[in-house]
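So this block is input.tsv, TSV, C-alpha atoms and all ligand atoms:
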```tsv
chain	number	residue	atom	x	y	z
E	6	MET	CA	68.00	114.66	74.88
E	7	LYS	CA	70.91	112.20	74.79
E	8	LYS	CA	70.81	109.81	77.74
E	9	GLY	CA	73.71	109.59	80.20
E	10	LYS	CA	75.95	106.53	80.29
E	11	PHE	CA	75.83	104.12	83.20
E	12	ILE	CA	79.21	102.75	84.34
E	13	VAL	CA	79.75	100.27	87.17
E	14	LEU	CA	83.01	99.48	88.95
E	15	GLU	CA	83.24	96.07	90.54
E	16	GLY	CA	85.92	94.21	92.44
E	17	LEU	CA	86.67	92.34	95.62
E	18	ASP	CA	86.83	94.13	98.96
E	19	GLY	CA	90.14	96.01	98.97
E	20	SER	CA	90.47	96.08	95.15
E	21	GLY	CA	90.77	99.89	95.02
E	22	LYS	CA	87.37	100.76	93.52
E	23	GLY	CA	87.01	103.87	95.66
E	24	THR	CA	90.41	105.26	94.60
E	25	GLN	CA	89.76	104.55	90.92
E	26	ILE	CA	86.30	106.11	91.03
E	27	SER	CA	87.81	109.31	92.52
E	28	ARG	CA	90.45	109.35	89.76
E	29	LEU	CA	87.84	108.90	87.06
E	30	ASP	CA	85.69	111.62	88.59
E	31	GLU	CA	88.70	114.02	88.63
E	32	TYR	CA	89.40	113.21	84.98
E	33	ILE	CA	85.78	113.82	83.94
E	34	LYS	CA	85.70	117.16	85.80
E	35	LYS	CA	89.04	118.25	84.28
E	36	SER	CA	87.68	117.46	80.82
E	37	GLY	CA	84.72	119.75	81.54
E	38	GLY	CA	82.25	116.91	82.03
E	39	GLN	CA	80.03	115.88	84.88
E	40	ALA	CA	79.09	112.55	86.45
E	41	TYR	CA	76.96	111.42	89.36
E	42	ILE	CA	78.95	109.13	91.67
E	43	THR	CA	77.02	106.61	93.70
E	44	ALA	CA	77.42	103.26	95.49
E	45	GLU	CA	75.64	100.15	96.70
E	46	PRO	CA	74.52	99.39	99.31
E	47	THR	CA	72.96	102.87	99.40
E	48	ALA	CA	72.34	105.15	102.35
E	49	SER	CA	68.62	104.21	102.36
E	50	SER	CA	66.96	102.50	105.33
E	51	THR	CA	67.27	99.16	103.49
E	52	GLY	CA	70.98	99.95	103.00
E	53	GLY	CA	71.20	100.37	106.78
E	54	MET	CA	69.66	96.91	107.32
E	55	ILE	CA	72.18	95.48	104.85
E	56	ARG	CA	75.13	97.11	106.67
E	57	ASP	CA	73.97	95.65	109.98
E	58	ALA	CA	73.98	92.21	108.36
E	59	LEU	CA	77.39	92.74	106.69
E	60	GLY	CA	78.85	93.84	110.01
E	61	GLY	CA	77.52	90.64	111.60
E	62	PHE	CA	75.26	92.55	114.05
E	63	VAL	CA	72.08	90.99	112.63
E	64	LYS	CA	72.06	87.51	111.14
E	65	ARG	CA	70.24	87.23	107.80
E	66	ASP	CA	69.56	84.24	105.61
E	67	ALA	CA	71.26	84.37	102.17
E	68	TYR	CA	67.91	84.72	100.35
E	69	GLU	CA	66.78	87.41	102.75
E	70	LEU	CA	70.02	89.32	102.18
E	71	SER	CA	69.66	88.94	98.37
E	72	ALA	CA	66.15	90.37	98.61
E	73	LEU	CA	67.37	93.31	100.71
E	74	PHE	CA	70.04	94.10	98.09
E	75	LEU	CA	67.36	93.83	95.40
E	76	ALA	CA	65.01	96.23	97.22
E	77	ASP	CA	67.88	98.65	97.81
E	78	ARG	CA	68.84	98.45	94.11
E	79	ILE	CA	65.29	99.15	92.93
E	80	PHE	CA	65.15	102.19	95.21
E	81	HIS	CA	68.61	103.21	93.92
E	82	ASN	CA	67.31	103.12	90.34
E	83	ILE	CA	63.91	104.73	90.60
E	84	ASN	CA	63.74	107.05	93.57
E	85	PRO	CA	62.76	110.44	92.15
E	86	ARG	CA	65.18	112.54	94.27
E	87	ASN	CA	68.55	111.01	93.36
E	88	GLY	CA	67.80	107.78	91.53
E	89	ILE	CA	70.05	106.49	88.72
E	90	LYS	CA	67.18	106.75	86.20
E	91	LYS	CA	66.64	110.42	86.95
E	92	TYR	CA	70.30	111.26	86.17
E	93	LEU	CA	70.52	109.13	83.05
E	94	ASP	CA	67.27	110.62	81.73
E	95	SER	CA	68.67	114.14	82.27
E	96	GLY	CA	71.77	113.25	80.23
E	97	ILE	CA	74.13	112.89	83.23
E	98	ASP	CA	76.51	109.93	83.35
E	99	VAL	CA	76.35	107.73	86.44
E	100	ILE	CA	79.31	105.90	88.00
E	101	CYS	CA	78.36	103.28	90.53
E	102	ASP	CA	80.56	101.46	93.06
E	103	ARG	CA	79.15	97.87	92.88
E	104	TYR	CA	75.86	96.72	91.34
E	105	TYR	CA	74.04	93.46	90.62
E	106	TYR	CA	77.29	91.68	89.68
E	107	SER	CA	78.15	91.84	93.41
E	108	SER	CA	74.82	90.20	94.29
E	109	PHE	CA	75.63	87.39	91.84
E	110	ALA	CA	79.15	86.88	93.16
E	111	TYR	CA	78.52	87.35	96.91
E	112	GLN	CA	74.93	86.15	97.47
E	113	GLY	CA	75.28	83.60	94.64
E	114	ILE	CA	77.48	81.53	96.94
E	115	ASP	CA	74.91	80.72	99.64
E	116	ALA	CA	71.70	81.49	97.73
E	117	ASP	CA	70.80	79.91	94.39
E	118	LEU	CA	72.70	81.85	91.69
E	119	GLU	CA	69.97	81.33	89.07
E	120	TRP	CA	67.39	82.82	91.38
E	121	VAL	CA	69.55	85.85	92.25
E	122	MET	CA	70.34	86.49	88.57
E	123	LYS	CA	66.73	86.14	87.46
E	124	MET	CA	65.43	88.48	90.15
E	125	ASN	CA	67.86	91.21	89.15
E	126	LEU	CA	68.10	90.79	85.39
E	127	GLU	CA	64.37	90.41	84.84
E	128	CYS	CA	63.33	93.28	87.05
E	129	ARG	CA	61.80	96.11	85.02
E	130	ASP	CA	63.09	98.77	87.41
E	131	ILE	CA	66.75	97.71	87.35
E	132	ILE	CA	68.67	99.42	84.55
E	133	ARG	CA	71.42	97.51	82.71
E	134	PRO	CA	74.80	99.26	82.81
E	135	ASP	CA	76.51	100.40	79.58
E	136	LEU	CA	79.86	99.24	80.96
E	137	CYS	CA	81.09	97.21	83.92
E	138	ILE	CA	84.78	97.48	84.82
E	139	PHE	CA	86.06	94.72	87.07
E	140	LEU	CA	89.21	95.58	89.02
E	141	ASP	CA	90.90	92.23	89.36
E	142	VAL	CA	93.33	92.05	92.26
E	143	ASP	CA	95.09	89.07	93.68
E	144	THR	CA	93.07	87.88	96.73
E	145	GLU	CA	96.20	87.91	98.95
E	146	LEU	CA	96.79	91.57	98.11
E	147	CYS	CA	93.13	92.43	98.86
E	148	ASP	CA	93.40	90.64	102.18
E	149	LYS	CA	96.55	92.61	103.05
E	150	ARG	CA	94.80	95.90	102.20
E	151	ILE	CA	91.75	94.96	104.30
E	152	ALA	CA	94.04	94.07	107.23
E	153	GLU	CA	95.83	97.44	106.94
E	154	ASN	CA	92.73	99.61	106.54
E	155	ARG	CA	89.93	98.09	108.59
E	156	PHE	CA	89.44	97.71	112.32
E	157	ASP	CA	86.64	95.14	111.95
E	158	ARG	CA	86.11	92.68	109.13
E	159	GLU	CA	82.70	92.27	107.48
E	160	ILE	CA	81.15	88.81	107.05
E	161	TYR	CA	82.64	88.24	103.57
E	162	GLU	CA	86.08	89.66	104.35
E	163	ASN	CA	88.12	86.49	104.78
E	164	ILE	CA	90.47	85.11	102.19
E	165	GLU	CA	88.71	81.78	101.55
E	166	THR	CA	85.36	83.49	100.89
E	167	GLN	CA	87.03	86.15	98.73
E	168	LYS	CA	88.57	83.42	96.54
E	169	LYS	CA	85.14	81.84	96.03
E	170	ILE	CA	83.63	85.26	95.27
E	171	ARG	CA	86.35	86.00	92.70
E	172	SER	CA	85.63	82.77	90.83
E	173	ARG	CA	81.89	83.46	90.98
E	174	PHE	CA	82.52	86.88	89.39
E	175	PHE	CA	84.34	85.20	86.48
E	176	GLU	CA	81.68	82.53	86.10
E	177	VAL	CA	78.99	85.21	85.93
E	178	PHE	CA	81.00	87.37	83.49
E	179	ASP	CA	81.32	84.39	81.22
E	180	ARG	CA	77.58	83.82	81.32
E	181	LEU	CA	76.87	87.48	80.59
E	182	LYS	CA	79.50	87.95	77.89
E	183	ASP	CA	77.01	88.13	75.01
E	184	SER	CA	74.52	90.43	76.71
E	185	GLU	CA	76.69	92.85	78.71
E	186	ASN	CA	79.76	95.01	78.20
E	187	ILE	CA	82.19	93.78	80.89
E	188	CYS	CA	85.92	94.59	80.94
E	189	VAL	CA	88.41	93.06	83.36
E	190	ILE	CA	91.46	95.12	84.35
E	191	ASN	CA	94.52	93.78	86.12
E	192	ALA	CA	94.39	96.01	89.20
E	193	SER	CA	97.39	94.54	91.02
E	194	ARG	CA	99.46	97.28	89.31
E	195	SER	CA	100.11	100.88	90.38
E	196	VAL	CA	97.17	103.24	90.92
E	197	GLU	CA	98.41	105.30	87.94
E	198	ASP	CA	98.53	102.36	85.53
E	199	VAL	CA	95.09	101.12	86.57
E	200	ALA	CA	93.66	104.67	86.32
E	201	LYS	CA	94.99	104.96	82.75
E	202	ASP	CA	93.12	101.79	81.76
E	203	VAL	CA	89.91	102.83	83.52
E	204	ILE	CA	90.00	106.25	81.82
E	205	GLY	CA	90.75	104.57	78.48
E	206	LEU	CA	87.64	102.40	78.78
E	207	TYR	CA	85.57	105.41	79.81
E	208	ASP	CA	86.79	107.44	76.81
E	209	ARG	CA	86.09	104.57	74.43
E	210	LEU	CA	82.51	104.28	75.74
E	211	MET	CA	81.97	108.03	75.41
E	212	HIS	CA	83.14	108.06	71.80
E	213	GLN	CA	81.08	105.06	70.70
E	301	LIG	P1	81.38	98.37	101.59
E	301	LIG	O1	82.13	98.33	102.87
E	301	LIG	O2	80.28	99.31	101.45
E	301	LIG	O3	82.30	98.74	100.42
E	301	LIG	P2	83.41	98.16	99.51
E	301	LIG	O4	82.72	97.97	98.22
E	301	LIG	O5	84.42	99.25	99.49
E	301	LIG	O6	83.94	96.88	100.08
E	301	LIG	O7	80.95	96.90	101.32
E	301	LIG	C1	79.98	96.51	100.58
E	301	LIG	C2	79.87	95.03	100.83
E	301	LIG	O8	78.62	94.61	100.34
E	301	LIG	C3	80.92	94.22	100.11
E	301	LIG	O9	81.46	93.24	100.97
E	301	LIG	C4	80.15	93.51	99.02
E	301	LIG	C5	78.76	93.44	99.57
E	301	LIG	N1	77.70	93.40	98.55
E	301	LIG	C6	76.99	92.22	98.37
E	301	LIG	O10	77.26	91.22	99.06
E	301	LIG	N2	75.99	92.18	97.44
E	301	LIG	C7	75.66	93.26	96.69
E	301	LIG	O11	74.73	93.18	95.85
E	301	LIG	C8	76.40	94.48	96.87
E	301	LIG	C9	76.05	95.69	96.07
E	301	LIG	C10	77.41	94.50	97.82
```
This structure in structure tokens:
Amino acid sequence: MKKGKFIVLEGLDGSGKGTQISRLDEYIKKSGGQAYITAEPTASSTGGMIRDALGGFVKRDAYELSALFLADRIFHNINPRNGIKKYLDSGIDVICDRYYYSSFAYQGIDADLEWVMKMNLECRDIIRPDLCIFLDVDTELCDKRIAENRFDREIYENIETQKKIRSRFFEVFDRLKDSENICVINASRSVEDVAKDVIGLYDRLMHQ
């Protein structure tokens, strides 16, 4: 059986990943296809520990947090009930909101980037995506969206940190350019225009 394709959407907080994933899902359904939509951190118990740390309720060291994301990601890949591997092996495409690129960009600021990359990229149980789409939005615009939509801010949701995270994303994409399929989209445009580009990249991958 033909394996499913694994697509990741990445972007800063407030970059519109959720909206674009819903649009892509609608498009796939309308075209008679099917995809499994998922996100990190997951709803697992480790995901719960991560959310407590992101909300600032529990303080975690950067390495500890990187390891929690790693454990959550391994579970996300291999758990037999709804793991990414199970869907891909049954020929179903998987669309994931954030993946290891977020660990590199976010945890790679306070923890050693080499260590975070090695742990994720050399882990047998962590599947490499077929495509990563990065929704690139001006940090000021992201900050405005966060201010409009959230009551509380998470630990990374301040403009100075978001600027550092954005440059880390680009540094990492540059390092991975020969081994991964990463496409950057200017997502400071209208939802419609961004959706057209996302769908275009999806279609291109499907017809490869
Ligand atoms: P969340 O509120 O779930 O969603 P959104 O992606 O819409 O912002 O936030 C997830 C947070 O987790 C986000 O600030 C990025 C962070 N994160 C990491 O720091 N490392 C990771 O490996 C992942 C997957 C997420």
Within 12 Å of (90.6, 95.5, 106.0), all atoms listed in the file: residues as a PyMOL selection string?
-> chain E and resi 17-21+145-164
Please dump the current selection as a short mmCIF file (atom, residue, chain, number, x, y, z; two decimals), in the frame of the given file; keep C-alpha atoms.
```cif
data_model
loop_
_atom_site.label_atom_id
_atom_site.label_comp_id
_atom_site.auth_asym_id
_atom_site.auth_seq_id
_atom_site.Cartn_x
_atom_site.Cartn_y
_atom_site.Cartn_z
CA LEU E 17 86.67 92.34 95.62
CA ASP E 18 86.83 94.13 98.96
CA GLY E 19 90.14 96.01 98.97
CA SER E 20 90.47 96.08 95.15
CA GLY E 21 90.77 99.89 95.02
CA GLU E 145 96.20 87.91 98.95
CA LEU E 146 96.79 91.57 98.11
CA CYS E 147 93.13 92.43 98.86
CA ASP E 148 93.40 90.64 102.18
CA LYS E 149 96.55 92.61 103.05
CA ARG E 150 94.80 95.90 102.20
CA ILE E 151 91.75 94.96 104.30
CA ALA E 152 94.04 94.07 107.23
CA GLU E 153 95.83 97.44 106.94
CA ASN E 154 92.73 99.61 106.54
CA ARG E 155 89.93 98.09 108.59
CA PHE E 156 89.44 97.71 112.32
CA ASP E 157 86.64 95.14 111.95
CA ARG E 158 86.11 92.68 109.13
CA GLU E 159 82.70 92.27 107.48
CA ILE E 160 81.15 88.81 107.05
CA TYR E 161 82.64 88.24 103.57
CA GLU E 162 86.08 89.66 104.35
CA ASN E 163 88.12 86.49 104.78
CA ILE E 164 90.47 85.11 102.19
#
```
Give me, as JSON lines, the closest atom pair and its distance (Å, one decimal) for every residue of segment 65-143 of chain E within a cut-off of 6 Å of segment 6-13 of chain E, counting all atoms listed in the file, rows sorted by chain and rising number.
```
{"residue": "E:Leu93", "atom": "CA", "partner": "E:Gly9", "partner_atom": "CA", "distance": 4.3}
{"residue": "E:Asp94", "atom": "CA", "partner": "E:Lys8", "partner_atom": "CA", "distance": 5.4}
{"residue": "E:Gly96", "atom": "CA", "partner": "E:Gly9", "partner_atom": "CA", "distance": 4.1}
{"residue": "E:Ile97", "atom": "CA", "partner": "E:Gly9", "partner_atom": "CA", "distance": 4.5}
{"residue": "E:Asp98", "atom": "CA", "partner": "E:Gly9", "partner_atom": "CA", "distance": 4.2}
{"residue": "E:Val99", "atom": "CA", "partner": "E:Phe11", "partner_atom": "CA", "distance": 4.9}
{"residue": "E:Ile100", "atom": "CA", "partner": "E:Ile12", "partner_atom": "CA", "distance": 4.8}
{"residue": "E:Cys101", "atom": "CA", "partner": "E:Val13", "partner_atom": "CA", "distance": 4.7}
{"residue": "E:Pro134", "atom": "CA", "partner": "E:Phe11", "partner_atom": "CA", "distance": 5.0}
{"residue": "E:Asp135", "atom": "CA", "partner": "E:Phe11", "partner_atom": "CA", "distance": 5.2}
{"residue": "E:Leu136", "atom": "CA", "partner": "E:Ile12", "partner_atom": "CA", "distance": 4.9}
{"residue": "E:Cys137", "atom": "CA", "partner": "E:Val13", "partner_atom": "CA", "distance": 4.7}
```
Ligand LIG 301 (chain E): which residues are within 7 Å, counting all atoms listed in the file, as a ChimeraX atom specification?
-> /E:17-19,22-23,45-46,59,74,102-108,111-112,159,161-162
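Among the candidates E:Met54, E:Met211, E:Leu14, E:Ile42, the residue lying nearest to Ile190 of chain E is E:Leu14 (atoms considered: only C-alpha atoms).
With all atoms listed in the file as the atoms that count, the minimum distance from Ser193 of chain E to the choices E:Asp143, E:Glu165, E:Glu31, E:Glu15 is reached by E:Asp143.
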May I ask for the distance between atom CA of Ser27 of chain E and atom CA of Asp77 of chain E, given in Å to one decimal place?
-> 23.2 Å
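Coordinates place atom CA of Gly61 of chain E at a distance of 16.6 Å from atom CA of Gln167 of chain E.
The two atoms in question, atom CA of Ser71 of chain E and atom CA of Gln25 of chain E, are spaced 26.5 Å apart.
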Using all atoms listed in the file, which of E:Gly113, E:Gly38, E:Gly60, E:Gly205 sits nearest Cys188 of chain E?
->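 Smallest separation from Cys188 of chain E among the options: E:Gly205.
When only C-alpha atoms are used to measure the gap to Cys128 of chain E, the shortest distance among E:Arg180, E:Lys91, E:Arg78, E:Lys34 belongs to E:Arg78.
Considering all atoms listed in the file, the residue among E:Tyr68, E:Ile79, E:Glu185, E:Ile26 positioned nearest to Thr51 of chain E is E:Ile79.
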Residue with smallest distance to Asp198 of chain E - pool E:Ile170, E:Arg28, E:Met124, E:Glu176, counting all atoms listed in the file | E:Arg28
